[in-house]
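Trainee: What follows is model-v6.cif, made up of mmCIF, C-alpha atoms, pLDDT in the B column; chains and numbers go by the auth columns:
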```cif
data_model
#
loop_
_atom_site.group_PDB
_atom_site.id
_atom_site.type_symbol
_atom_site.label_atom_id
_atom_site.label_comp_id
_atom_site.label_asym_id
_atom_site.label_seq_id
_atom_site.Cartn_x
_atom_site.Cartn_y
_atom_site.Cartn_z
_atom_site.B_iso_or_equiv
_atom_site.auth_seq_id
_atom_site.auth_asym_id
ATOM 1 C CA ASN A 1 -22.798 35.389 -19.518 56.00 1 U
ATOM 2 C CA PRO A 2 -20.163 32.638 -19.397 56.00 2 U
ATOM 3 C CA PRO A 3 -18.121 32.187 -22.568 57.00 3 U
ATOM 4 C CA GLN A 4 -19.662 29.769 -25.042 54.00 4 U
ATOM 5 C CA PRO A 5 -17.715 26.627 -25.986 51.00 5 U
ATOM 6 C CA ARG A 6 -16.425 26.564 -29.544 55.00 6 U
ATOM 7 C CA HIS A 7 -17.471 22.962 -30.251 53.00 7 U
ATOM 8 C CA GLY A 8 -20.089 20.566 -28.884 51.00 8 U
ATOM 9 C CA PRO A 9 -23.280 21.052 -26.901 53.00 9 U
ATOM 10 C CA GLN A 10 -23.447 23.242 -23.842 55.00 10 U
ATOM 11 C CA VAL A 11 -23.514 21.202 -20.595 54.00 11 U
ATOM 12 C CA PRO A 12 -24.798 22.631 -17.306 63.00 12 U
ATOM 13 C CA PHE A 13 -21.962 23.074 -14.788 64.00 13 U
ATOM 14 C CA ALA A 14 -23.668 20.968 -12.046 67.00 14 U
ATOM 15 C CA LEU A 15 -24.110 18.047 -14.443 70.00 15 U
ATOM 16 C CA ALA A 16 -20.490 18.294 -15.606 69.00 16 U
ATOM 17 C CA ARG A 17 -19.306 18.244 -11.985 74.00 17 U
ATOM 18 C CA GLU A 18 -21.457 15.167 -11.231 76.00 18 U
ATOM 19 C CA VAL A 19 -20.115 13.354 -14.304 73.00 19 U
ATOM 20 C CA ALA A 20 -16.525 14.218 -13.286 75.00 20 U
ATOM 21 C CA LYS A 21 -17.164 12.836 -9.768 77.00 21 U
ATOM 22 C CA LYS A 22 -18.568 9.597 -11.205 75.00 22 U
ATOM 23 C CA ILE A 23 -15.602 9.181 -13.536 73.00 23 U
ATOM 24 C CA ALA A 24 -13.184 9.826 -10.658 73.00 24 U
ATOM 25 C CA HIS A 25 -15.058 7.298 -8.470 69.00 25 U
ATOM 26 C CA GLN A 26 -14.988 4.676 -11.255 68.00 26 U
ATOM 27 C CA THR A 27 -11.259 5.337 -11.803 67.00 27 U
ATOM 28 C CA GLN A 28 -10.557 4.867 -8.074 67.00 28 U
ATOM 29 C CA LYS A 29 -12.597 1.652 -8.017 63.00 29 U
ATOM 30 C CA GLN A 30 -10.749 0.378 -11.078 65.00 30 U
ATOM 31 C CA LYS A 31 -7.373 1.194 -9.502 65.00 31 U
ATOM 32 C CA ARG A 32 -8.348 -0.650 -6.317 62.00 32 U
ATOM 33 C CA MET A 33 -9.622 -3.596 -8.325 58.00 33 U
ATOM 34 C CA ASN A 34 -6.439 -3.906 -10.381 59.00 34 U
ATOM 35 C CA SER A 35 -3.917 -2.999 -7.688 58.00 35 U
ATOM 36 C CA ALA A 36 -1.578 -5.601 -6.249 54.00 36 U
ATOM 37 C CA PRO A 37 -2.110 -7.817 -4.396 59.00 37 U
ATOM 38 C CA TRP A 38 -5.890 -7.697 -4.723 55.00 38 U
ATOM 39 C CA HIS A 39 -6.026 -8.254 -8.484 57.00 39 U
ATOM 40 C CA SER A 40 -4.085 -11.492 -8.210 59.00 40 U
ATOM 41 C CA LEU A 41 -5.714 -12.724 -4.995 66.00 41 U
ATOM 42 C CA GLN A 42 -9.372 -12.088 -5.736 69.00 42 U
ATOM 43 C CA PRO A 43 -10.727 -13.926 -8.803 72.00 43 U
ATOM 44 C CA LYS A 44 -13.057 -11.116 -9.898 76.00 44 U
ATOM 45 C CA LYS A 45 -12.887 -11.861 -13.629 79.00 45 U
ATOM 46 C CA GLU A 46 -13.434 -15.595 -13.126 79.00 46 U
ATOM 47 C CA THR A 47 -16.507 -15.062 -10.932 79.00 47 U
ATOM 48 C CA GLY A 48 -17.955 -12.197 -12.968 81.00 48 U
ATOM 49 C CA ALA A 49 -17.642 -9.774 -10.046 79.00 49 U
ATOM 50 C CA ASP A 50 -15.707 -7.289 -12.202 80.00 50 U
ATOM 51 C CA THR A 51 -18.721 -6.902 -14.515 83.00 51 U
ATOM 52 C CA LEU A 52 -21.079 -6.469 -11.567 79.00 52 U
ATOM 53 C CA ILE A 53 -18.821 -3.823 -10.011 77.00 53 U
ATOM 54 C CA SER A 54 -18.354 -1.898 -13.263 79.00 54 U
ATOM 55 C CA GLN A 55 -22.092 -1.786 -14.013 79.00 55 U
ATOM 56 C CA ASN A 56 -23.268 -0.871 -10.506 75.00 56 U
ATOM 57 C CA GLU A 57 -22.320 1.339 -7.586 73.00 57 U
ATOM 58 C CA ILE A 58 -21.330 -1.672 -5.487 73.00 58 U
ATOM 59 C CA ASP A 59 -18.189 -1.858 -3.370 70.00 59 U
ATOM 60 C CA GLY A 60 -19.244 -4.179 -0.522 73.00 60 U
ATOM 61 C CA SER A 61 -19.843 -1.435 2.041 75.00 61 U
ATOM 62 C CA GLY A 62 -22.348 -2.447 4.713 78.00 62 U
ATOM 63 C CA ILE A 63 -22.171 -6.161 3.846 81.00 63 U
ATOM 64 C CA VAL A 64 -21.306 -8.730 6.519 83.00 64 U
ATOM 65 C CA VAL A 65 -19.873 -12.048 5.334 82.00 65 U
ATOM 66 C CA ALA A 66 -19.391 -15.211 7.389 82.00 66 U
ATOM 67 C CA ILE A 67 -16.445 -17.380 6.351 78.00 67 U
ATOM 68 C CA LEU A 68 -15.779 -20.909 7.575 75.00 68 U
ATOM 69 C CA ASP A 69 -12.121 -21.662 6.981 73.00 69 U
ATOM 70 C CA THR A 70 -9.339 -23.511 8.781 68.00 70 U
ATOM 71 C CA GLY A 71 -6.555 -21.218 7.592 69.00 71 U
ATOM 72 C CA VAL A 72 -7.596 -17.655 8.435 74.00 72 U
ATOM 73 C CA ASP A 73 -4.914 -15.491 10.053 77.00 73 U
ATOM 74 C CA PRO A 74 -6.788 -12.730 11.905 78.00 74 U
ATOM 75 C CA GLY A 75 -3.480 -10.905 12.328 79.00 75 U
ATOM 76 C CA ALA A 76 -2.977 -10.510 8.557 82.00 76 U
ATOM 77 C CA ALA A 77 -2.550 -6.882 7.502 81.00 77 U
ATOM 78 C CA GLY A 78 -5.284 -7.077 4.856 81.00 78 U
ATOM 79 C CA LEU A 79 -7.850 -8.217 7.424 83.00 79 U
ATOM 80 C CA GLN A 80 -7.434 -5.351 9.891 86.00 80 U
ATOM 81 C CA THR A 81 -9.578 -2.401 8.818 85.00 81 U
ATOM 82 C CA CYS A 82 -12.166 -1.424 6.213 83.00 82 U
ATOM 83 C CA PRO A 83 -11.593 1.676 4.044 80.00 83 U
ATOM 84 C CA ASP A 84 -13.822 3.646 6.441 82.00 84 U
ATOM 85 C CA GLY A 85 -11.688 2.636 9.469 84.00 85 U
ATOM 86 C CA ARG A 86 -14.001 0.024 11.007 85.00 86 U
ATOM 87 C CA PRO A 87 -12.492 -3.393 11.884 86.00 87 U
ATOM 88 C CA LYS A 88 -12.909 -5.985 9.115 85.00 88 U
ATOM 89 C CA ILE A 89 -13.167 -8.981 11.441 84.00 89 U
ATOM 90 C CA ILE A 90 -16.173 -8.703 13.732 83.00 90 U
ATOM 91 C CA GLU A 91 -15.747 -12.093 15.392 80.00 91 U
ATOM 92 C CA CYS A 92 -13.300 -14.947 14.974 75.00 92 U
ATOM 93 C CA LEU A 93 -14.273 -18.414 16.118 71.00 93 U
ATOM 94 C CA ASP A 94 -11.942 -21.376 15.566 66.00 94 U
ATOM 95 C CA CYS A 95 -14.122 -24.388 14.775 67.00 95 U
ATOM 96 C CA SER A 96 -11.264 -26.563 13.518 65.00 96 U
ATOM 97 C CA GLY A 97 -10.271 -27.865 16.944 64.00 97 U
ATOM 98 C CA SER A 98 -6.655 -26.984 16.260 57.00 98 U
ATOM 99 C CA GLY A 99 -6.779 -24.112 18.724 56.00 99 U
ATOM 100 C CA ASP A 100 -8.475 -25.944 21.579 73.00 100 U
ATOM 101 C CA CYS A 101 -6.684 -24.897 24.721 78.00 101 U
ATOM 102 C CA ASP A 102 -7.621 -24.718 28.393 81.00 102 U
ATOM 103 C CA THR A 103 -7.466 -21.009 29.297 83.00 103 U
ATOM 104 C CA LYS A 104 -8.962 -21.193 32.797 84.00 104 U
ATOM 105 C CA THR A 105 -5.730 -19.954 34.387 89.00 105 U
ATOM 106 C CA VAL A 106 -5.904 -16.205 35.032 91.00 106 U
ATOM 107 C CA CYS A 107 -2.654 -14.282 35.571 88.00 107 U
ATOM 108 C CA GLU A 108 -2.042 -10.646 36.370 85.00 108 U
ATOM 109 C CA LYS A 109 0.380 -8.409 34.559 81.00 109 U
ATOM 110 C CA GLY A 110 3.799 -8.171 36.193 73.00 110 U
ATOM 111 C CA GLU A 111 6.298 -5.330 36.109 75.00 111 U
ATOM 112 C CA GLY A 112 6.057 -3.206 32.980 80.00 112 U
ATOM 113 C CA ASP A 113 4.333 -4.950 30.128 84.00 113 U
ATOM 114 C CA THR A 114 5.305 -8.505 31.021 87.00 114 U
ATOM 115 C CA LEU A 115 3.477 -11.581 32.165 87.00 115 U
ATOM 116 C CA LYS A 116 4.826 -14.884 33.475 86.00 116 U
ATOM 117 C CA GLY A 117 3.519 -17.658 31.249 87.00 117 U
ATOM 118 C CA LEU A 118 2.482 -21.122 32.378 89.00 118 U
ATOM 119 C CA THR A 119 5.741 -22.600 31.082 90.00 119 U
ATOM 120 C CA GLY A 120 7.753 -20.120 33.157 89.00 120 U
ATOM 121 C CA ARG A 121 8.676 -17.913 30.203 89.00 121 U
ATOM 122 C CA THR A 122 8.310 -14.159 30.433 89.00 122 U
ATOM 123 C CA LEU A 123 5.732 -12.942 27.922 88.00 123 U
ATOM 124 C CA ASN A 124 6.050 -9.405 26.558 89.00 124 U
ATOM 125 C CA LEU A 125 2.654 -7.758 26.184 88.00 125 U
ATOM 126 C CA ASN A 126 1.845 -5.166 23.560 88.00 126 U
ATOM 127 C CA PRO A 127 1.630 -1.840 25.436 84.00 127 U
ATOM 128 C CA ALA A 128 -1.168 -0.751 23.069 86.00 128 U
ATOM 129 C CA TRP A 129 -3.466 -3.475 24.441 84.00 129 U
ATOM 130 C CA ASP A 130 -6.129 -1.928 26.643 84.00 130 U
ATOM 131 C CA ASN A 131 -6.884 -4.282 29.520 85.00 131 U
ATOM 132 C CA PRO A 132 -8.135 -2.274 32.532 85.00 132 U
ATOM 133 C CA SER A 133 -8.297 -5.344 34.793 85.00 133 U
ATOM 134 C CA GLY A 134 -4.667 -6.270 34.097 82.00 134 U
ATOM 135 C CA LYS A 135 -5.750 -9.929 34.140 87.00 135 U
ATOM 136 C CA PHE A 136 -5.039 -12.305 31.263 89.00 136 U
ATOM 137 C CA ARG A 137 -6.238 -15.838 30.565 88.00 137 U
ATOM 138 C CA LEU A 138 -3.394 -18.204 29.729 90.00 138 U
ATOM 139 C CA GLY A 139 -3.089 -21.661 28.291 88.00 139 U
ATOM 140 C CA VAL A 140 -0.419 -23.990 26.950 87.00 140 U
ATOM 141 C CA LYS A 141 -0.613 -25.873 23.686 83.00 141 U
ATOM 142 C CA SER A 142 1.970 -28.118 22.090 81.00 142 U
ATOM 143 C CA ALA A 143 3.104 -26.754 18.733 80.00 143 U
ATOM 144 C CA PHE A 144 2.638 -30.247 17.248 80.00 144 U
ATOM 145 C CA ASP A 145 -1.091 -29.951 17.986 77.00 145 U
ATOM 146 C CA LEU A 146 -1.225 -26.830 15.818 75.00 146 U
ATOM 147 C CA TYR A 147 0.941 -28.021 12.901 80.00 147 U
ATOM 148 C CA PRO A 148 -0.520 -29.844 9.885 80.00 148 U
ATOM 149 C CA ARG A 149 0.329 -33.591 9.804 78.00 149 U
ATOM 150 C CA GLY A 150 2.918 -33.222 7.031 84.00 150 U
ATOM 151 C CA LEU A 151 4.787 -30.560 8.959 87.00 151 U
ATOM 152 C CA VAL A 152 4.779 -32.631 12.170 86.00 152 U
ATOM 153 C CA GLY A 153 6.415 -35.541 10.347 87.00 153 U
ATOM 154 C CA ARG A 154 9.005 -33.261 8.754 89.00 154 U
ATOM 155 C CA VAL A 155 9.890 -31.543 12.056 88.00 155 U
ATOM 156 C CA LYS A 156 10.184 -34.882 13.865 90.00 156 U
ATOM 157 C CA ALA A 157 12.426 -36.276 11.096 91.00 157 U
ATOM 158 C CA GLU A 158 14.684 -33.191 11.256 92.00 158 U
ATOM 159 C CA ARG A 159 14.895 -33.422 15.051 91.00 159 U
ATOM 160 C CA LYS A 160 15.713 -37.141 14.871 93.00 160 U
ATOM 161 C CA LYS A 161 18.447 -36.476 12.314 93.00 161 U
ATOM 162 C CA ALA A 162 19.987 -33.761 14.533 92.00 162 U
ATOM 163 C CA TRP A 163 19.704 -36.018 17.598 92.00 163 U
ATOM 164 C CA ASP A 164 21.287 -38.988 15.819 93.00 164 U
ATOM 165 C CA SER A 165 24.238 -36.907 14.605 91.00 165 U
ATOM 166 C CA SER A 166 24.848 -35.504 18.107 90.00 166 U
ATOM 167 C CA VAL A 167 24.683 -39.023 19.606 91.00 167 U
ATOM 168 C CA GLN A 168 27.146 -40.298 16.976 90.00 168 U
ATOM 169 C CA ALA A 169 29.532 -37.424 17.758 88.00 169 U
ATOM 170 C CA ALA A 170 29.324 -38.220 21.498 88.00 170 U
ATOM 171 C CA GLN A 171 30.005 -41.922 20.798 87.00 171 U
ATOM 172 C CA VAL A 172 33.128 -41.044 18.808 86.00 172 U
ATOM 173 C CA VAL A 173 34.413 -38.911 21.686 84.00 173 U
ATOM 174 C CA LEU A 174 33.651 -41.622 24.251 84.00 174 U
ATOM 175 C CA LYS A 175 35.346 -44.334 22.186 83.00 175 U
ATOM 176 C CA SER A 176 38.502 -42.249 21.786 82.00 176 U
ATOM 177 C CA GLU A 177 38.868 -41.538 25.520 75.00 177 U
ATOM 178 C CA PRO A 178 40.286 -44.191 27.864 72.00 178 U
ATOM 179 C CA ALA A 179 37.821 -45.779 30.226 66.00 179 U
ATOM 180 C CA CYS A 180 37.787 -44.415 33.747 62.00 180 U
ATOM 181 C CA GLU A 181 39.570 -46.648 36.208 60.00 181 U
ATOM 182 C CA PRO A 182 38.005 -47.029 39.686 54.00 182 U
ATOM 183 C CA LYS A 183 39.951 -45.469 42.542 57.00 183 U
ATOM 184 C CA GLU A 184 41.756 -47.841 44.864 59.00 184 U
ATOM 185 C CA GLY A 185 39.817 -48.564 47.994 57.00 185 U
ATOM 186 C CA ASP A 186 36.491 -47.846 46.352 58.00 186 U
ATOM 187 C CA ALA A 187 34.749 -51.179 46.934 58.00 187 U
ATOM 188 C CA LYS A 188 31.581 -50.149 45.197 61.00 188 U
ATOM 189 C CA ALA A 189 33.480 -49.140 42.040 55.00 189 U
ATOM 190 C CA LYS A 190 35.468 -52.412 42.078 55.00 190 U
ATOM 191 C CA ALA A 191 32.263 -54.423 42.445 61.00 191 U
ATOM 192 C CA GLU A 192 30.687 -52.595 39.532 62.00 192 U
ATOM 193 C CA ALA A 193 33.804 -53.092 37.383 56.00 193 U
ATOM 194 C CA LYS A 194 33.617 -56.881 37.851 56.00 194 U
#
```
Just give me the structure as structure tokens.
Mentor:
Amino acid sequence: NPPQPRHGPQVPFALAREVAKKIAHQTQKQKRMNSAPWHSLQPKKETGADTLISQNEIDGSGIVVAILDTGVDPGAAGLQTCPDGRPKIIECLDCSGSGDCDTKTVCEKGEGDTLKGLTGRTLNLNPAWDNPSGKFRLGVKSAFDLYPRGLVGRVKAERKKAWDSSVQAAQVVLKSEPACEPKEGDAKAKAEAK
């Protein structure tokens, strides 16, 4: 016979183990729910989701959600994999029009993990990318087409300011140097000087 507890009712071992598992699971869920950055980024208290989670065995497993948004970064670390290892993003479709780009041009991988882009730049490919055909679709898009309007205006203003200061510096240099005199016997230069 196992030793009897000094205080309290006797609890079957299997039930005690099940209760301990449930408490551990709830503690893990609570840690995940309150851990940074999730606690501050997901408004669980405001939406009542924290109550739903604490009263039920719900963690979102097996649920597929469609999100229409113009600011999703599919490369963000938090959007890569589910706790069970499956990819979080099943499909990504840009409906904003900001990513519209003609990608009909097909190029093959060059030496190593490089590719010559449409602008002539050498593009370094991630060696982990599995592309058996070695062919890639390329396109060119102006960065201004991707920027929000406010950013476009700011970038253009900064570029204009830099351009104006470089033009002013060149004018100062030109004004301080003596004008070039045409060579003797150069009829074309003399005609232009007159």
Trainee: Can you translate the PyMOL selection byres ((chain U and resi 111-128) around 8) into the concrete residues it hits in this file, as a list in words?
Mentor: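 That expression, the PyMOL selection byres ((chain U and resi 111-128) around 8), corresponds here to Cys107, Glu108, Lys109, Gly110, Trp129, Asp130, Leu138, Gly139 and Val140 of chain U.
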Trainee: Could you work out how far CA of Val65 in chain U lies from CA of Thr103 in chain U, giving the answer in Å with one decimal?
Mentor: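 If I compute the distance from CA of Thr103 in chain U to CA of Val65 in chain U, I get 28.4 Å.
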Trainee: When you count all atoms listed in the file, which of these residues is closest to Asp102 in chain U: U:Lys135, U:Ser142, U:Ile63, U:Leu52?
Mentor: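 That would be U:Ser142, the residue with the smallest distance to Asp102 in chain U.
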Trainee: Report, in Å to a single decimal, how far apart CA of Lys104 in chain U and CA of Gln80 in chain U are.
Mentor: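 According to the coordinates, CA of Gln80 in chain U and CA of Lys104 in chain U are separated by 27.9 Å.
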Trainee: Restricting the calculation to all atoms listed in the file, which member of U:Arg17, U:Pro83, U:Cys101, U:Asp73 is positioned closest to Asp145 in chain U?
Mentor: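 The shortest atom-to-atom distance to Asp145 in chain U comes from U:Cys101.
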Trainee: For the structure shown, which residues end up in the PyMOL selection byres ((chain U and resi 91) around 12)? Put them as a VMD selection string, please?
Mentor: chain U and resid 64 to 68 74 79 87 to 90 92 to 94
Trainee: So how far away is CA of Ala49 in chain U from CA of Gly78 in chain U, in Å?
Mentor: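 Rounded to one decimal, the two atoms are 19.5 Å apart.
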